[in-house]
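J.: Handing you a structure now.
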There are 2 protein chains.
Amino acid sequence: MTTPVTACILIIGNEILSGRTQDINLNHIATTLGEWGIAVREARVIPDVAQVIIDAIKSTRSQFDYIFTTGGIGPTHDDITAECVARAFDVDLIQDQTIAERIQQRPAPEEIMESRLLMARVPKGATLIDNPTGGPQGFVMHNVYVMAGIPRIMQGMLSTLAGQLKTGPVVKSRSIRAYLGESEISKTLGAIQAQFLELDIGSYPFAHEQRYGTTLVIRGIDQAAIESAAQAIMAAVSAAGQTPEDLGPGQ
Amino acid sequence: MTTPVTACILIIGNEILSGRTQDINLNHIATTLGEWGIAVREARVIPDVAQVIIDAIKSTRSQFDYIFTTGGIGPTHDDITAECVARAFDVDLIQDQTIAERIQQRPAPEEIMESRLLMARVPKGATLIDNPTGGPQGFVMHNVYVMAGIPRIMQGMLSTLAGQLKTGPVVKSRSIRAYLGESEISKTLGAIQAQFLELDIGSYPFAHEQRYGTTLVIRGIDQAAIESAAQAIMAAVSAAGQTPEDLGPGQ
């Protein structure tokens with residue numbers, strides 16, 4: 001129950017690294033997995049280059065309980081994720097009949113169908129991740145979960161995994177806003193962090209309606225410890241001459 | 001001139017991995033460096049954990065010409081980037097007098113000043129990255145460029161590096177919009193990619209005002225090759241029965 005379950009996210013796509021596309025998948029996956037009790041510990045954004053993708057899968061998959069990938073499972077020449085996962089696991093790339101049947105439900109001229117069926121390729125031994133948007137499914141190979149890059153489709157695929165994954169304790173959070181510079185509270189905050197080693201206390205400066213301040217975020221599993229740390233932080237803000245604003249959980 | 005200059009970005013911060021904060025720094029850095037002629041080839045989002053940060057610096061800095069980090073250089077206990085860079089290079093962490101003087105220009109009670117001066121810590125041998133917002137500077141250690149995590153401050157620091165870095169050829173891009181599914185053009189597109197191996201042709205499906213389509217993005221150094229590939233793609237879209245929309249460069 002208290003053993004953390006961890007994940008690494010591999011965002012695959014030249015368009016993120018060129019700056020053409022602002023990634024929003026990491027944020028959605030991190031938030032969703034966090035609510036389920038899976039802690040995202042790392043993310044990598046990597047290009048559509050086979051050896052880089054293969055190496056990233058090989059080097060991360062033993063370090064984390066789960067690897068989630070986004071991108072590169074469409075029907076064009078730059079969609080090489082399925083092939084790379086197969087190569088990382090040293091298995092053949094095969095056509096999955098369930099995906100192929102779904103693709104074939106929508107008729108198309110032969111040449112277009114042939115292209116579309118490229119989306120039915122999975123590594124031998126993979127199981128499927130359903131795609132509620134109706135398109136081709138994603139797949140799972142051991143602990144590697146391969147999803148689409150288009151946010152709406154990825155979100156649909158991820159939602160089907162609810163309740164299907166091994167989870168650990170859910171990390172809860174509590175935020176307190178203080179109209180203080182970080183330096184005005186950093187010493188006390190360090191002492192509070194040292195007192196609550198099981199918690200993770202973060203300090204995030206902000207500018208809000210022309211006022212500068214710091215949001216203090218407490219994260220951890222133990223609700224009672226979070227409450228105690230929150231009280232200590234609010235007392236510290238008051239002692240520094242400002243009124244703390246309790247933003248409550250989940251901010 | 002044609003040797004690419006490469007970079008890896010390390011986004012340091014629990015708040016990105018927890019989903020609390022949507023990162024926008026990668027996109028800005030990738031776009032800016034791209035315009036200068038530096039290709040971002042990888043990005044990693046890593047937590048405020050010393051050994052993870054140290055390992056990430058050590059393992060990436062020999063693979064890329066430049067490493068840019070964001071986050072973890074404030075005055076609180078979770079700001080450990082400077083210390084980690086010092087440890088990665090096996091040098092002492094010292095107080096930089098130039099940063100200290102800037103911090104001391106703004107008076108504060110002794111205890112607060114002591115906290116603020118934590119932002120003057122740099123690895124021995126580091127040089128500075130100016131901070132046009134007036135706050136403490138960032139620093140450079142060999143090929144590792146350490147910047148703030150707050151987007152406005154990071155953007156200011158990065159802007160001061162214009163013209164200071166080794167650069168390679170600038171990658172240009174050209175985009176064509178087609179109201180076609182990817183499968184309707186993927187075969188031809190693959191053939192065009194095979195013909196222009198020096199270019200990188202990407203295919204990105206979209207939904208726009210209830211119409212589905214694909215944006216085809218050509219990226220490369222050789223403007224004449226980009227133009228030829230663009231003509232070939234537009235001809236392919238026309239052959240598939242749709243009117244190509246030339247979005248021009250830089251999309």
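In the structure tokens, chains take letters A, B, ... by order of appearance, with residues numbered from 1 within each chain and ligands from 1 in the order shown.
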Tell me, as a ChimeraX atom specification, which residues lie within 8 Å of Ser203 in chain B, counting only C-alpha atoms; anything in the same chain fewer than 3 positions away does not count.

T.: /A:76,78 /B:182,214-217

J.: Please identify every residue of chain A that has at least one atom no farther than 8 Å from an atom of chain B, counting only C-alpha atoms, and for each give the shortest atom pair and the distance in Å to one decimal, arranged by chain then increasing number, as CSV.

T.:
residue,atom,partner,partner_atom,distance
A:Glu15,CA,B:Gly202,CA,7.9
A:Ile16,CA,B:Asn27,CA,7.2
A:Leu17,CA,B:Val40,CA,5.8
A:Ser18,CA,B:Ala30,CA,5.7
A:Gly19,CA,B:Thr31,CA,4.8
A:Arg20,CA,B:Gln251,CA,6.9
A:Thr21,CA,B:Asn27,CA,7.6
A:Gln22,CA,B:Asn27,CA,6.0
A:Ile24,CA,B:Gln22,CA,7.4
A:Leu26,CA,B:Gly19,CA,7.7
A:Asn27,CA,B:Gly19,CA,4.8
A:His28,CA,B:Gly19,CA,7.0
A:Ile29,CA,B:Gly19,CA,8.0
A:Ala30,CA,B:Gly19,CA,5.1
A:Thr31,CA,B:Gly19,CA,4.8
A:Gly34,CA,B:Ser18,CA,6.8
A:Ala39,CA,B:Ser18,CA,7.5
A:Val40,CA,B:Leu17,CA,5.8
A:Arg41,CA,B:Leu17,CA,6.5
A:Glu42,CA,B:Ile46,CA,5.1
A:Ala43,CA,B:Val45,CA,5.0
A:Arg44,CA,B:Arg44,CA,4.4
A:Val45,CA,B:Ala43,CA,5.0
A:Ile46,CA,B:Glu42,CA,5.1
A:Pro47,CA,B:Arg41,CA,6.6
A:Gly74,CA,B:Glu182,CA,7.9
A:Pro75,CA,B:Ser183,CA,5.9
A:Thr76,CA,B:Ser186,CA,4.9
A:His77,CA,B:Gly190,CA,5.3
A:Asp78,CA,B:Gly202,CA,6.4
A:Ile112,CA,B:Glu184,CA,5.3
A:Met113,CA,B:Ser183,CA,7.5
A:Ser115,CA,B:Ser183,CA,5.2
A:Arg116,CA,B:Ser183,CA,5.3
A:Glu182,CA,B:Pro75,CA,6.6
A:Ser183,CA,B:Ser115,CA,5.2
A:Glu184,CA,B:Ile112,CA,5.3
A:Ile185,CA,B:Ile112,CA,7.9
A:Ser186,CA,B:Thr76,CA,4.9
A:Lys187,CA,B:Ser115,CA,6.7
A:Leu189,CA,B:Thr76,CA,7.5
A:Gly190,CA,B:His77,CA,5.3
A:Gln193,CA,B:His77,CA,7.9
A:Ile201,CA,B:Asp78,CA,7.7
A:Gly202,CA,B:Asp78,CA,6.4
A:Ser203,CA,B:Thr76,CA,7.0
A:Gln251,CA,B:Arg20,CA,7.0

J.: Can you list every residue in range 162-237 of chain A that DSSP puts in strand (DSSP E), as a list in words?

T.: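 Strand (DSSP E) members of range 162-237 of chain A, listed: Lys172, Ser173, Arg174, Ser175, Ile176, Arg177, Ala178, Asp200, Ile201, Gly202, Ser203, Tyr204, Pro205, Phe206, Ala207, His208, Arg211, Tyr212, Gly213, Thr214, Thr215, Leu216, Val217, Ile218, Arg219 and Gly220 of chain A.
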
J.: Could you check how far CA of Ala229 in chain A sits from CA of Ala50 in chain B, in Å to one decimal?

T.: 22.9 Å

J.: Between A:Glu245, A:Arg174, A:Ala126, A:Ala239, which has the minimum distance to Asn143 in chain A (counting only C-alpha atoms)?

T.: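 Answer, going by the shortest atom-to-atom distance: A:Ala126.
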
J.: Output as a PyMOL selection string all residues of range 19-186 of chain B that backbone DSSP marks as helix (DSSP H, G or I).

T.: chain B and resi 25-36+50-60+81-88+97-104+110-120+151-159+182-184+186

J.: Give me the residues within 12 Å of Gln223 in chain A as a PyMOL selection string, counting only C-alpha atoms and dropping any in the same chain fewer than 2 places off.

T.: chain A and resi 169-174+198-199+218-221+225-230+249

J.: Mind checking which residues fall within 7 Å of Cys84 in chain A, counting only C-alpha atoms, ignoring those fewer than 4 positions away in the same chain, and posting them as a PyMOL selection string?

T.: chain A and resi 50+53-54+80+88

J.: Check the smallest atom-to-atom distance from each of B:Thr98, B:Gln210, B:Thr167, B:Gln105 to Leu128 in chain B using only C-alpha atoms, then report the winner.

T.: B:Thr98

J.: Considering only C-alpha atoms, state which residue in the set A:Glu101, A:Met154, A:Asp92, A:Arg87 is at the smallest distance from Thr69 in chain A.

T.: A:Met154

J.: Which value, in Å to one decimal, gives the distance between CA of Asn131 in chain B and CA of Thr160 in chain B?

T.: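 Between CA of Asn131 in chain B and CA of Thr160 in chain B the gap works out to 7.8 Å.
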
J.: Please provide as a ChimeraX atom specification all residues within 9 Å of Pro244 in chain A, with the sequence filter that same-chain residues fewer than 2 positions apart are discarded (counting only C-alpha atoms).

T.: /A:176-179,233-238,242,246
